[in-house]
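Student: My structure file my_file01.cif, mmCIF, C-alpha atoms, is below:
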data_structure
#
loop_
_atom_site.label_atom_id
_atom_site.label_comp_id
_atom_site.auth_asym_id
_atom_site.auth_seq_id
_atom_site.Cartn_x
_atom_site.Cartn_y
_atom_site.Cartn_z
CA MET A 283 194.39 113.19 66.84
CA SER A 284 191.13 114.42 65.40
CA PRO A 285 188.02 114.26 67.64
CA HIS A 286 186.28 110.88 67.84
CA PRO A 287 183.52 110.56 65.25
CA GLU A 288 180.02 109.88 66.55
CA PRO A 289 179.40 106.11 66.78
CA GLU A 290 176.62 106.44 64.19
CA VAL A 291 179.10 107.99 61.77
CA LEU A 292 181.27 104.91 62.19
CA THR A 293 178.26 102.76 61.30
CA ALA A 294 177.70 104.80 58.15
CA PHE A 295 181.42 104.48 57.39
CA VAL A 296 181.23 100.69 57.63
CA ASP A 297 178.23 100.71 55.31
CA ASP A 298 180.05 102.91 52.79
CA GLU A 299 177.38 105.55 53.23
CA LEU A 300 179.62 108.56 53.94
CA ALA A 301 180.63 111.15 51.37
CA ALA A 302 184.19 110.66 50.14
CA SER A 303 185.71 113.47 52.21
CA ALA A 304 183.99 112.37 55.44
CA ALA A 305 185.06 108.78 54.83
CA SER A 306 188.61 109.95 54.29
CA ASP A 307 188.55 111.82 57.63
CA VAL A 308 187.28 108.72 59.45
CA ARG A 309 189.94 106.56 57.84
CA ALA A 310 192.66 108.94 59.01
CA HIS A 311 191.22 108.93 62.53
CA LEU A 312 191.06 105.13 62.70
CA ASP A 313 194.77 104.83 62.00
CA GLY A 314 195.54 106.44 65.33
CA CYS A 315 192.56 105.39 67.47
CA PRO A 316 192.27 101.74 68.55
CA GLY A 317 188.96 102.48 70.30
CA CYS A 318 187.15 103.67 67.17
CA ALA A 319 188.89 100.98 65.11
CA GLY A 320 187.38 98.48 67.55
CA VAL A 321 183.90 99.91 67.02
CA VAL A 322 184.34 99.58 63.27
CA ALA A 323 185.53 95.99 63.65
CA ALA A 324 182.52 95.18 65.88
CA GLU A 325 180.16 96.67 63.30
CA ARG A 326 181.71 94.58 60.54
CA THR A 327 181.47 91.44 62.66
CA THR A 328 177.80 92.06 63.42
CA ARG A 329 177.09 92.66 59.78
CA SER A 330 178.83 89.41 58.84
CA TRP A 331 176.58 87.46 61.23
CA LEU A 332 173.52 88.87 59.53
CA HIS A 333 174.91 88.23 56.07
CA GLY A 334 175.46 84.63 57.13
CA LEU A 335 171.76 84.01 57.78
CA PRO A 336 170.49 81.50 55.24
CA PRO A 337 167.59 82.30 52.87
CA VAL A 338 164.23 81.15 54.23
CA GLU A 339 161.99 79.27 51.83
CA PRO A 340 158.20 79.41 51.99
CA PRO A 341 156.35 76.15 52.75
CA SER A 342 156.02 74.17 49.53
CA ALA A 343 152.29 74.66 48.97
CA PHE A 344 152.06 78.23 50.24
CA TYR A 345 152.21 80.19 46.99
CA ALA A 346 150.21 77.58 45.10
CA GLN A 347 147.44 78.13 47.63
CA VAL A 348 147.70 81.90 47.36
CA MET A 349 147.65 81.73 43.56
CA ALA A 350 144.67 79.40 43.61
CA ARG A 351 142.56 81.42 46.03
CA GLY A 352 143.95 84.92 45.83
CA PRO A 353 145.56 86.71 48.75
CA ALA A 354 143.43 86.83 51.90
CA ARG A 355 143.77 87.65 55.54
CA ARG A 356 143.88 84.59 57.71
CA GLU A 357 140.65 83.47 59.26
CA ARG A 358 141.77 82.37 62.68
CA GLY A 359 140.67 78.90 63.63
CA ARG A 360 139.28 78.11 60.19
CA GLN A 361 138.62 74.45 59.64
CA GLY A 362 138.48 73.82 55.94
CA THR A 363 136.46 70.98 54.52
CA ARG A 364 138.74 68.12 53.69
CA PHE A 365 137.68 65.71 51.03
CA ALA A 366 139.02 62.22 50.89
CA VAL A 367 140.49 61.13 47.60
CA ALA A 368 137.36 59.11 46.89
CA ASN A 369 135.31 62.29 47.16
CA ILE A 370 137.57 64.01 44.71
CA ALA A 371 137.32 61.01 42.43
CA ALA A 372 133.57 61.49 42.56
CA ALA A 373 133.98 65.07 41.42
CA ALA A 374 136.20 63.90 38.58
CA ALA A 375 133.71 61.22 37.63
CA VAL A 376 130.90 63.72 37.48
CA TRP A 377 133.03 66.05 35.40
CA VAL A 378 134.02 63.31 32.95
CA GLY A 379 130.38 62.30 32.69
CA VAL A 380 128.98 65.78 32.19
CA VAL A 381 131.66 67.75 30.40
CA GLY A 382 134.81 66.03 29.45
CA VAL A 383 134.31 62.82 27.54
CA ALA A 384 133.99 64.47 24.16
CA ARG A 385 137.41 66.05 24.67
CA LEU A 386 139.14 62.75 25.27
CA ALA A 387 140.16 60.26 22.68
CA THR A 388 138.12 57.38 24.00
CA GLY A 389 139.28 53.85 23.51
CA SER A 390 138.28 50.27 23.96
CA GLU A 391 141.72 48.87 24.72
CA THR A 392 142.34 47.35 28.11
CA VAL A 393 144.16 49.62 30.56
CA GLU A 394 146.41 48.25 33.31
CA PRO A 395 147.48 51.38 35.14
CA ALA A 396 151.01 51.13 36.54
CA LEU A 397 150.06 52.34 40.00
CA GLY A 398 153.62 52.70 41.29
CA GLU A 399 154.47 54.87 38.32
CA LEU A 400 151.40 57.04 38.91
CA VAL A 401 152.24 57.49 42.59
CA ARG A 402 155.78 58.54 41.65
CA ALA A 403 154.45 60.95 39.02
CA HIS A 404 152.15 62.38 41.69
CA ALA A 405 155.07 62.99 44.07
CA ALA A 406 157.24 64.44 41.28
CA GLY A 407 154.43 66.75 40.19
CA GLN A 408 154.41 68.47 43.57
CA VAL A 409 158.13 69.05 43.46
CA SER A 410 158.20 70.46 39.96
CA LEU A 411 155.20 72.67 40.49
CA PRO A 412 155.70 76.14 39.05
CA LEU A 413 154.31 79.03 41.01
CA GLY A 414 151.16 79.79 39.15
CA LEU A 415 147.91 78.44 37.93
CA ALA A 416 147.92 76.13 34.98
CA PRO A 417 146.80 77.72 31.73
CA SER A 418 143.09 77.59 31.28
CA THR A 419 142.11 74.33 29.66
CA ASP A 420 138.91 72.52 28.97
CA ALA A 421 140.71 69.17 28.83
CA VAL A 422 140.63 68.88 32.62
CA PRO A 423 138.38 70.55 35.19
CA ALA A 424 139.68 73.75 36.79
CA GLU A 425 138.67 72.56 40.23
CA LEU A 426 137.60 69.39 41.97
CA ALA A 427 135.23 69.06 44.90
CA SER A 428 135.15 72.85 45.33
CA ASP A 429 138.31 72.97 47.38
CA TYR A 430 140.94 71.63 45.02
CA ARG A 431 142.18 73.97 42.32
CA LEU A 432 144.12 72.99 39.22
CA VAL A 433 147.72 74.18 39.44
CA ASN A 434 149.56 72.17 36.84
CA VAL A 435 149.05 69.91 33.84
CA ARG A 436 151.94 67.69 32.79
CA ILE A 437 152.42 65.03 30.18
CA THR A 438 154.41 62.14 31.59
CA ASN A 439 155.07 59.04 29.47
CA GLY A 440 152.32 60.17 27.12
CA ARG A 441 149.84 60.35 29.97
CA ARG A 442 148.13 63.59 30.97
CA GLN A 443 148.46 64.41 34.68
CA ALA A 444 146.41 67.20 36.22
CA LEU A 445 147.65 68.33 39.63
CA TYR A 446 145.31 69.91 42.17
CA THR A 447 145.82 71.36 45.62
CA ASP A 448 143.67 72.82 48.36
CA GLY A 449 146.76 74.49 49.77
CA ASP A 450 147.69 71.66 52.11
CA ARG A 451 147.13 68.49 50.20
CA TRP A 452 147.70 67.40 46.65
CA VAL A 453 145.77 65.22 44.28
CA SER A 454 146.79 64.10 40.82
CA MET A 455 144.23 63.06 38.24
CA PHE A 456 145.17 60.86 35.29
CA LEU A 457 142.76 60.22 32.42
CA GLU A 458 143.37 57.25 30.17
CA PRO A 459 141.23 56.13 27.27
CA GLY A 460 140.24 52.49 27.44
CA ARG A 461 138.70 49.88 29.71
CA LEU A 462 140.13 49.22 33.14
CA ASP A 463 141.55 45.72 33.51
CA THR A 464 140.28 44.98 37.01
CA GLY A 465 142.04 41.64 37.05
CA ALA A 466 145.39 43.46 37.04
CA LEU A 467 144.66 45.44 40.22
CA PRO A 468 146.60 44.59 43.40
CA ALA A 469 145.03 42.03 45.73
CA GLY A 470 144.28 44.69 48.37
CA ALA A 471 142.07 46.76 46.05
CA ARG A 472 138.71 47.57 47.67
CA ARG A 473 135.53 47.99 45.68
CA ALA A 474 133.51 51.16 46.13
CA THR A 475 130.76 53.01 44.36
CA VAL A 476 131.72 56.53 43.41
CA ALA A 477 129.12 58.83 41.85
CA GLY A 478 127.15 55.84 40.66
CA ALA A 479 130.17 54.22 39.05
CA GLN A 480 132.03 51.13 40.13
CA ALA A 481 135.39 52.16 41.59
CA TRP A 482 138.41 50.58 43.25
CA VAL A 483 140.45 52.04 46.07
CA VAL A 484 144.07 50.92 46.51
CA ASP A 485 146.23 51.86 49.48
CA MET A 486 149.70 52.52 48.13
CA GLY A 487 151.40 53.13 51.48
CA GLY A 488 150.44 56.67 52.43
CA ASP A 489 148.75 57.51 49.17
CA ASP A 490 145.32 56.35 48.15
CA VAL A 491 144.69 55.53 44.53
CA VAL A 492 141.09 55.55 43.31
CA LEU A 493 140.32 54.11 39.90
CA LEU A 494 137.00 54.21 38.14
CA GLN A 495 135.57 53.64 34.73
CA ARG A 496 133.53 56.37 33.17
CA GLY A 497 132.37 55.60 29.65
CA ASP A 498 135.46 54.65 27.70
CA THR A 499 137.76 56.55 30.03
CA VAL A 500 139.66 55.34 33.08
CA VAL A 501 139.94 58.03 35.75
CA VAL A 502 142.76 57.58 38.27
CA LEU A 503 143.11 59.83 41.32
CA VAL A 504 146.22 59.74 43.54
CA GLY A 505 146.65 61.55 46.85
CA ALA A 506 147.01 61.20 50.59
CA ASP A 507 143.68 60.43 52.25
CA PRO A 508 143.17 62.74 55.22
CA GLN A 509 140.13 60.78 56.33
CA ALA A 510 142.28 57.74 57.05
CA ASP A 511 143.81 59.34 60.15
CA GLY A 512 140.45 60.43 61.49
CA ALA A 513 138.99 56.98 60.97
CA MET A 514 141.77 55.37 62.96
CA VAL A 515 141.30 57.82 65.81
CA SER A 516 137.58 57.26 65.93
CA ASP A 517 138.02 53.49 65.92
CA ALA A 518 140.35 53.68 68.88
CA GLY A 519 138.63 56.35 70.92
CA GLY A 520 134.97 55.59 70.38
CA ARG A 521 134.25 58.94 68.83
CA ALA A 522 131.49 59.40 66.30
CA PRO A 523 132.48 57.49 63.18
CA ALA A 524 133.81 59.40 60.20
CA PRO A 525 131.22 60.06 57.48
CA SER A 526 130.73 57.06 55.29
CA LEU A 527 132.35 56.96 51.90
CA ARG A 528 128.91 57.19 50.35
CA ASP A 529 128.03 60.30 52.36
CA ARG A 530 131.25 61.98 51.40
CA VAL A 531 130.87 61.03 47.77
CA ASP A 532 127.36 62.42 47.67
CA ALA A 533 128.51 65.67 49.25
CA ALA A 534 131.38 65.99 46.82
CA ALA A 535 129.20 65.24 43.82
CA ARG A 536 126.74 67.93 44.93
CA GLY A 537 129.63 70.32 45.43
CA VAL A 538 131.09 69.80 42.01
CA LEU A 539 127.71 70.07 40.32
CA ASP A 540 127.14 73.35 42.12
CA SER A 541 130.54 74.66 41.18
CA PHE A 542 130.10 73.82 37.52
CA GLY A 543 126.62 75.30 37.42
CA PHE A 544 124.80 72.04 36.99
CA GLY A 545 123.14 72.06 40.41
CA MET I 290 176.35 105.54 47.27
CA THR I 291 177.15 101.90 46.84
CA GLY I 292 174.55 100.44 49.13
CA ARG I 293 174.62 96.80 48.01
CA THR I 294 176.49 94.54 50.38
CA PRO I 295 178.15 91.32 49.28
CA GLY I 296 175.80 89.21 51.35
CA ASN I 297 172.67 90.82 50.05
CA LEU I 298 169.56 88.77 49.57
CA ARG I 299 169.11 89.42 45.88
CA GLY I 300 172.38 87.72 45.06
CA ARG I 301 171.80 84.78 47.36
CA LEU I 302 168.29 84.14 46.12
CA GLY I 303 169.41 84.50 42.54
CA VAL I 304 167.16 87.51 42.12
CA GLU I 305 168.12 89.71 39.24
CA ARG I 306 169.30 93.12 40.29
CA ALA I 307 166.31 95.31 39.86
CA ASP I 308 167.96 98.65 39.28
CA ARG I 309 166.52 98.74 35.81
CA PRO I 310 163.06 100.24 36.04
CA THR I 311 160.03 98.02 35.84
CA PRO I 312 157.76 99.90 33.44
CA GLN I 313 154.34 99.37 34.93
CA HIS I 314 152.51 98.50 38.10
CA PRO I 315 153.10 94.80 38.75
CA THR I 316 150.14 92.59 39.59
CA TRP I 317 149.98 90.57 42.77
CA GLU I 318 150.27 87.41 40.66
CA GLN I 319 153.54 88.67 39.15
CA ILE I 320 154.85 89.44 42.62
CA ALA I 321 153.90 86.00 43.94
CA ARG I 322 155.28 84.22 40.90
CA ASP I 323 158.48 86.16 40.23
CA HIS I 324 159.38 87.58 43.63
CA GLY I 325 157.69 85.15 46.02
CA ARG I 326 160.88 83.79 47.53
CA PHE I 327 162.32 87.26 48.05
CA LEU I 328 159.09 88.49 49.62
CA TYR I 329 158.79 85.49 51.91
CA HIS I 330 162.38 85.75 53.08
CA VAL I 331 162.00 89.43 53.97
CA ALA I 332 158.68 88.73 55.70
CA TYR I 333 160.24 85.92 57.71
CA ARG I 334 163.22 87.99 58.79
CA LEU I 335 160.92 90.80 59.90
CA THR I 336 158.48 88.60 61.80
CA GLY I 337 160.74 85.71 62.84
CA ASP I 338 157.87 83.26 62.49
CA HIS I 339 156.55 81.21 59.57
CA GLN I 340 152.86 81.73 60.28
CA ASP I 341 153.34 85.46 60.76
CA ALA I 342 155.47 85.58 57.61
CA GLN I 343 152.68 83.94 55.61
CA ASP I 344 150.15 86.40 57.01
CA LEU I 345 152.46 89.28 56.16
CA VAL I 346 153.00 88.06 52.59
CA GLN I 347 149.23 87.79 52.11
CA GLU I 348 148.78 91.29 53.46
CA VAL I 349 151.41 92.63 51.05
CA LEU I 350 149.77 90.87 48.09
CA LEU I 351 146.40 92.24 49.19
CA ARG I 352 147.79 95.77 49.26
CA VAL I 353 149.21 95.29 45.77
CA GLN I 354 145.95 93.77 44.53
CA ARG I 355 143.87 96.62 45.92
CA GLY I 356 146.17 99.28 44.59
CA LEU I 357 146.95 100.48 48.12
CA ALA I 358 150.65 100.57 47.35
CA THR I 359 151.55 103.01 44.61
CA TYR I 360 154.28 101.75 42.38
CA GLU I 361 156.78 104.17 40.96
CA PRO I 362 159.07 102.74 38.32
CA GLY I 363 162.36 101.85 39.95
CA SER I 364 163.75 99.08 42.09
CA LEU I 365 160.99 96.52 42.49
CA GLU I 366 162.66 94.87 45.47
CA GLY I 367 162.98 98.26 47.13
CA TRP I 368 159.30 98.92 46.55
CA LEU I 369 158.31 95.47 47.83
CA SER I 370 160.52 95.89 50.88
CA ARG I 371 158.79 99.17 51.63
CA ILE I 372 155.30 97.68 51.45
CA THR I 373 156.36 94.68 53.49
CA THR I 374 157.99 96.78 56.19
CA ASN I 375 155.02 99.14 56.38
CA ALA I 376 152.59 96.23 56.66
CA PHE I 377 154.80 94.67 59.32
CA LEU I 378 155.05 97.85 61.41
CA ASP I 379 151.31 98.52 60.97
CA GLU I 380 150.59 95.11 62.43
CA VAL I 381 153.05 95.64 65.28
CA ARG I 382 151.37 98.93 66.14
CA ARG I 383 147.91 97.47 65.81
CA LYS I 384 148.83 94.83 68.36
CA ARG I 385 150.57 97.14 70.77
CA ARG I 386 148.67 100.40 70.42
CA ARG I 387 151.65 102.31 71.68
CA PRO I 388 154.72 104.01 70.23
CA VAL I 389 157.70 101.84 69.38
CA GLU I 390 160.52 104.33 69.95
CA LEU I 391 161.56 102.58 73.13
CA VAL I 392 165.30 102.17 73.44
CA PRO I 393 166.39 99.76 76.15
CA ALA I 394 169.24 101.10 78.26
CA VAL I 395 171.41 98.21 77.21
CA VAL I 396 171.53 99.64 73.70
CA GLU I 397 173.21 102.78 74.90
CA ARG I 398 175.72 100.86 76.95
CA ALA I 399 176.49 98.49 74.11
CA ALA I 400 176.84 101.36 71.68
CA ASP I 401 179.43 103.03 73.87
CA ALA I 402 181.45 99.90 74.48
CA GLY I 403 182.58 99.25 70.94
CA GLY I 404 186.32 99.01 71.60
CA ASP I 405 186.23 96.39 74.32
CA ALA I 406 183.48 94.49 72.59
CA ALA I 407 185.49 93.93 69.45
CA ALA I 408 187.78 91.27 70.89
CA ALA I 409 184.93 89.38 72.57
CA LEU I 410 183.01 89.37 69.31
CA ASP I 411 185.79 87.90 67.28
CA ARG I 412 184.14 84.58 66.69
CA ALA I 413 181.32 83.22 64.60
CA ARG I 414 177.76 82.97 65.83
CA LEU I 415 175.31 80.22 65.03
CA PRO I 416 172.61 81.39 62.62
CA ALA I 417 169.96 80.20 65.08
CA ASP I 418 171.41 82.49 67.77
CA VAL I 419 171.58 85.41 65.35
CA GLU I 420 167.98 84.76 64.31
CA ALA I 421 166.85 84.74 67.94
CA ALA I 422 168.69 87.99 68.66
CA LEU I 423 167.23 89.61 65.56
CA ARG I 424 163.74 88.50 66.56
CA ALA I 425 164.24 90.11 69.97
CA LEU I 426 165.09 93.56 68.57
CA PRO I 427 162.47 96.28 68.91
CA PRO I 428 160.52 96.27 65.61
CA ASP I 429 161.72 99.67 64.37
CA PHE I 430 165.36 98.70 64.82
CA ARG I 431 164.77 95.24 63.43
CA ALA I 432 163.17 96.72 60.32
CA ALA I 433 166.16 99.01 59.71
CA VAL I 434 168.68 96.22 60.25
CA VAL I 435 166.77 93.76 58.05
CA LEU I 436 166.44 96.27 55.23
CA ARG I 437 170.15 97.02 55.42
CA ASP I 438 171.84 93.73 56.29
CA VAL I 439 169.39 91.17 54.95
CA VAL I 440 167.81 92.89 51.95
CA GLY I 441 170.79 95.10 51.10
CA LEU I 442 169.00 98.43 50.61
CA ASP I 443 171.05 101.61 50.89
CA TYR I 444 170.30 104.30 53.47
CA ASP I 445 168.27 106.42 51.06
CA GLU I 446 166.02 103.49 50.18
CA ILE I 447 165.60 102.60 53.84
CA GLY I 448 164.67 106.20 54.63
CA VAL I 449 161.94 106.06 51.99
CA ALA I 450 160.76 102.64 53.17
CA LEU I 451 160.47 103.73 56.81
CA SER I 452 159.46 107.33 56.10
CA VAL I 453 162.22 108.66 58.32
CA PRO I 454 165.06 111.15 57.69
CA PRO I 455 168.64 109.97 56.92
CA GLY I 456 169.89 110.62 60.45
CA THR I 457 167.24 108.33 61.88
CA VAL I 458 168.16 105.57 59.44
CA ARG I 459 171.77 105.77 60.56
CA SER I 460 170.77 105.82 64.20
CA ARG I 461 168.41 102.86 63.97
CA ILE I 462 170.93 100.70 62.15
CA HIS I 463 173.63 101.63 64.62
CA ARG I 464 171.48 100.96 67.65
CA GLY I 465 169.95 97.84 66.18
CA ARG I 466 173.34 96.29 65.53
CA ALA I 467 174.59 97.37 68.94
CA LEU I 468 171.64 95.70 70.63
CA LEU I 469 172.18 92.58 68.54
CA ARG I 470 175.82 92.49 69.68
CA ALA I 471 174.78 92.94 73.26
CA LYS I 472 172.39 90.02 73.02
CA LEU I 473 175.00 87.78 71.43
CA SER I 474 177.92 88.69 73.70
#
Would it be possible to restate this file's structure as structure tokens?
Tutor:
Amino acid sequence: MSPHPEPEVLTAFVDDELAASAASDVRAHLDGCPGCAGVVAAERTTRSWLHGLPPVEPPSAFYAQVMARGPARRERGRQGTRFAVANIAAAAAVWVGVVGVARLATGSETVEPALGELVRAHAAGQVSLPLGLAPSTDAVPAELASDYRLVNVRITNGRRQALYTDGDRWVSMFLEPGRLDTGALPAGARRATVAGAQAWVVDMGGDDVVLLQRGDTVVVLVGADPQADGAMVSDAGGRAPAPSLRDRVDAAARGVLDSFGFG
Amino acid sequence: MTGRTPGNLRGRLGVERADRPTPQHPTWEQIARDHGRFLYHVAYRLTGDHQDAQDLVQEVLLRVQRGLATYEPGSLEGWLSRITTNAFLDEVRRKRRRPVELVPAVVERAADAGGDAAAALDRARLPADVEAALRALPPDFRAAVVLRDVVGLDYDEIGVALSVPPGTVRSRIHRGRALLRAKLS
């Protein structure tokens, strides 16, 4: 029997990385050497375990965040500013007021937004998100409340949906020409003032929906409200209360004015 | 050389085989958009941790963005794997500040015990156990094994990626797999 090949040569043999003549020599040796044949079998088994590892997917918002902000080294312990949906609605309201109305077909018809449909469109928008920023458009703002960047614009049932993310959370903005029919809102709708405009906030079970009238346009924002959790904690534990809606709205409005160069 | 193994990542992720040359230096946006899943998977298998994988992906994209990684037309996945592995090993060395050519004695024993080991190994392993064993490999061995058995690079490509000669590639893959077997036996 020929001399035993080095174990590393057997590894290269298993990986089909030997020249033809060397591979042929190993093959001949294996026929008469159970020990080396065992090494080869062990190598193949180990390789099969590794081949059996499933693909690992990145977290859903990871690349959207990278695309929105550009690649960056992690700042350890960073606490990003989180805006409640109402704050983002304020940014949208300011944008509609300052920039966008001329771009929209305004209308005087009464609008009864189908909130359930909008919430579903919001959830579906996150799933179907392509990896990349939406094409530049002046029909919707490129960012909201400084932290939320536009990542997708979709037309669903004839309605334009702009999807924003800050990397962790998602907000959809819908713009509809017409007058909001406040009588059609659910009983639990709360009144609020957002950027000087009358607004309504509706809790849709995990998602907040904020509706407001701006000129002849109805602005609808849908997203989870991160402030809700904090408010509950502070109620129970006697911590300092969360900033008031008005405070947050003012901050957001200042932020969006700054970011659009109107500050 | 054939190189590509049936279980290679490109096939399983539906990534087109990239043997045809890519004509020009890709942008970081192209990498994130077109090869993001591939990149993340490799980063995760190297680091064994989602947060570390995200940091590694960002570092790779930064290197591409800043032109720190010179692209030569050829296999884009091979090029990306090289940058990712280099960034990974740089980070390992930055944290440890010492050489990584440490070979635990168990590797040598496992490498010499191939015949007897074969019978004991003749059963499947849970992916979670394999992942844990892979994570526990010394980084240099882990890198070689990941590039070979997860990404599907051939020995030449791995040699380029790790900047080591062919004999070292062979040795690291052999020892890496042997250590993995030892951990899973």
Student: Running the PyMOL selection byres ((chain I and resi 316) around 10) on this model by hand, what would come out? Give it as a list in words.
Tutor: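 Matching residues under the PyMOL selection byres ((chain I and resi 316) around 10) are Gln313, His314, Pro315, Trp317, Glu318, Gln319, Ile320, Ala321, Arg322, Leu350, Val353, Gln354, Arg355 and Gly356 of chain I.
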Student: Do you know which residues are at most 7 Å from range 427-438 of chain I counting only C-alpha atoms, after dropping those on the same chain fewer than 2 positions away, and could you put them as a list of chain:residue names?
Tutor: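 Contacts, in chain order: A:Arg329, A:Leu332, A:His333, I:Asn297, I:Arg334, I:Leu335, I:Thr374, I:Val389, I:Leu423, I:Ala425, I:Val440, I:Gly441, I:Leu442, I:Asp443, I:Ile447, I:Val458, I:Arg461, I:Ile462, I:Gly465.
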Student: Can you tell me which residues surround range 334-343 of chain A at a distance of at most 6 Å, considering all atoms listed in the file, apart from same-chain residues fewer than 3 positions away, and format the answer as a PyMOL selection string?
Tutor: (chain A and resi 331+346+449) or (chain I and resi 330+416)
Student: Near chain I, which residues of chain A fall within 6 Å when you count all atoms listed in the file, and what do they look like as a PyMOL selection string?
Tutor: chain A and resi 290+293+317+320-321+324+333+335+338+353-354+413
Student: Which residues fall under the PyMOL selection byres ((chain A and resi 464) around 10) in this file, as a list in words?
Tutor: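 Applied to this file, the PyMOL selection byres ((chain A and resi 464) around 10) selects Thr392, Val393, Glu394, Pro395, Arg461, Leu462, Asp463, Gly465, Ala466, Leu467, Pro468, Ala471, Ala481, Trp482, Leu493 and Leu494 of chain A.
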Student: Which distance in Å separates CA of Leu357 in chain I and CA of Val453 in chain I, to one decimal?
Tutor: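 Those two atoms sit 20.1 Å apart.
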Student: Just give me the gap between CA of Val401 in chain A and CA of Thr447 in chain A in Å, one decimal is fine.
Tutor: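 Atom-to-atom, CA of Val401 in chain A to CA of Thr447 in chain A, that is 15.6 Å.
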Student: Out of I:Thr336, I:Glu446, I:Arg424, I:Leu468, which residue has the shortest atom-to-atom distance to Glu380 in chain I when counting only C-alpha atoms?
Tutor: I:Thr336
Student: Skip Leu445 in chain A itself and residues of its chain fewer than 4 positions away, then list as a list of chain:residue names all residues within 8 Å of it, counting only C-alpha atoms.
Tutor: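 Residues meeting the cut-off are A:His404, A:Gly407, A:Gln408, A:Leu432, A:Val433, A:Asn434, A:Val435, A:Trp452, A:Val453, A:Ser454, A:Met455.
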